[in-house]
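*Asks:* Take this structure first; my questions come after.
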Amino acid sequence: VQVATLIRNVTPGTQTYQKIYAQASEFAGKNLTKADFDAAVTEQNLEKKTASLRENDRRVSNLDNSRSLVRAAFTSKVNTVIQDIQGSTIFDFGDNFVIATLVSATEEGIASFESVKARVELAVLKEKKSQFLLEKAKNAMEGKTDLDAIASELGTTVKNATNINFTSFQIPGAGMEPKVAGMVSGSEPDKISKPVVGNNGVFIVKVTSVNNGDTQNVADEKIRLTQNLFSRAASQAYNAYREKANIKDQRSKFY
């Protein structure tokens with residue numbers, strides 16, 4: 001059997017390029033504010049994407065060589081169409097013509113309450129729910145010495161997890177729970193623990209068996225941890241000096 005593979009690259013020609021650029025120019029010329037921009041996007045059923053930028057970001061989303069758009073965004077006013085240093089509102093990145101608006105800007109320093117309100121509400125709701133479940137778990141444990149009975153009282157079931165040690169971050173089936181893993185490592189076998197608030201819920205655990213770890217590599221582990229701490233100390237000392245010097249990062253103005 002002989003197989004021939006034919007490959008033909010399809011690229012836009014000059015006429016196609018000019019046609020699309022003309023459409024982009026018309027859009028940019030008619031929509032100079034965010035309100036007009038949003039209305040035109042909806043009316044013309046165009047694709048609109050959002051991106052959060054930091055001053056030293058090298059690109060916007062998946063747009064290649066889009067550093068110029070980042071720099072332009074940090075010199076633009078909120079609710080206006082972003083312009084490059086020549087005053088053009090059309091950015092050409094490879095196969096993409098991009099027209100962008102600046103939706104909001106966050107000043108350096110303490111964030112306003114409105115900007116973090118949603119995150120604060122979520123954190124408070126999570127904390128209140130955790131406290132509610134913690135009290136519910138404590139009440140369910142009163143007078144009981146069987147984990148299955150406690151689980152039944154709480155309307156749940158007992159789940160098994162294996163190979164948990166002091167360095168574990170995850171609990172199988174529960175996600176990232178370093179606090180729970182630490183409690184498991186310090187618990188005595190066959191004793192039901194007090195309820196503990198984790199990242200994803202409230203947990204009651206019972207250690208069913210313990211395997212003593214290999215102690216032969218303790219010396220090597222001590223050396224590794226010591227070296228790691230020395231490295232962290234050097235890095236943190238450097239960062240402390242840098243913060244104390246109050247250095248202003250202005251690289252974004254030149255690169």
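For the structure tokens, the naming scheme is as follows: chains receive sequential letters (A, B, ...) according to their order of presentation, residues are indexed from 1 within each chain, and ligands are indexed from 1 in presentation order.
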Would you mind writing down, as a PyMOL selection string, each residue of region 50-247 of chain A that DSSP on the backbone assigns to strand (DSSP E or B)?

*Replies:* chain A and resi 60+63+80-81+91-93+96-98+101+170-171+175-176+189+192+196-197+202-203+206-207

*Asks:* Let me see the file: selected residues, C-alpha atoms, as a compact mmCIF listing (two decimals), in the first residue's frame.

*Replies:*
```txt
# COMPACT_ATOMS: atom_id res chain seq x y z
CA VAL A 60 -2.98 39.27 26.51
CA LEU A 63 -2.56 36.65 21.51
CA THR A 80 -12.56 54.30 26.39
CA VAL A 81 -11.23 52.37 23.42
CA PHE A 91 -3.97 46.18 17.08
CA ASP A 92 -2.60 43.63 14.60
CA PHE A 93 -1.42 40.40 16.22
CA ASN A 96 -6.01 38.78 14.62
CA PHE A 97 -7.20 42.37 14.46
CA VAL A 98 -8.01 43.44 18.02
CA THR A 101 -11.70 48.85 25.73
CA GLN A 170 -4.80 15.68 49.67
CA ILE A 171 -7.37 13.35 51.17
CA GLY A 175 -9.47 17.25 47.85
CA MET A 176 -6.79 19.51 49.29
CA PRO A 189 -5.57 4.44 66.43
CA ILE A 192 -12.74 9.07 66.99
CA VAL A 196 -12.31 19.73 62.39
CA VAL A 197 -13.06 22.40 59.79
CA VAL A 202 -16.13 19.46 58.38
CA PHE A 203 -14.40 16.15 59.03
CA LYS A 206 -10.84 7.56 62.97
CA VAL A 207 -7.41 6.03 62.36
```

*Asks:* Near region 148-153 of chain A, counting only C-alpha atoms, which residues have an atom at most 12 Å away, once you skip same-chain residues fewer than 6 positions from it, shown as a ChimeraX atom specification?

*Replies:* /A:136-142,159-160,192-195,202-206

*Asks:* Counting only C-alpha atoms, which of A:Ala174, A:Val41, A:Val78, A:Val210 gets nearest to Glu188 (chain A)?

*Replies:*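 Among the listed residues, A:Val210 lies closest to Glu188 (chain A).
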
*Asks:* Enter the distance from CA of Tyr21 (chain A) to CA of Lys77 (chain A), in Å, rounded to one decimal.

*Replies:*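 The value is 24.7 Å.
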
*Asks:* Using DSSP on the backbone coordinates, identify the residues of region 12-251 of chain A assigned to alpha helix (DSSP H); present them as a VMD selection string.

*Replies:* chain A and resid 14 to 30 34 to 43 67 to 73 113 to 141 147 to 153 178 to 185 218 to 244

*Asks:* If I take CA of Asn56 (chain A) and CA of Thr33 (chain A), how far is one from the other in Å, to one decimal?

*Replies:* 25.5 Å

*Asks:* Quick one: residues within 12 Å of region 105-109 of chain A, only C-alpha atoms counted, chain neighbours fewer than 2 positions away excluded, as number ranges by chain?

*Replies:* A: 52-55, 73-80, 101-103, 111-112, 114-116, 248

*Asks:* Tell me which of A:Ile99, A:Ala234, A:Ile110, A:Val70 sits closest to Ser25 (chain A), counting only C-alpha atoms.

*Replies:* A:Ile99

*Asks:* With only C-alpha atoms as the basis for distance, which of A:Lys144, A:Ala72, A:Thr89, A:Ala118 is at the shortest distance from Asp57 (chain A)?

*Replies:* A:Ala72

*Asks:* Enter the distance from CA of Gln86 (chain A) to CA of Ser68 (chain A), in Å, rounded to one decimal.

*Replies:*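 Between these atoms lies a distance of 11.4 Å.
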
*Asks:* Choose the residue, out of A:Leu32, A:Ala51, A:Ala40, A:Leu133, that has the smallest atom-to-atom separation from Gln83 (chain A); count only C-alpha atoms.

*Replies:*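 That would be A:Leu32, the residue with the smallest distance to Gln83 (chain A).
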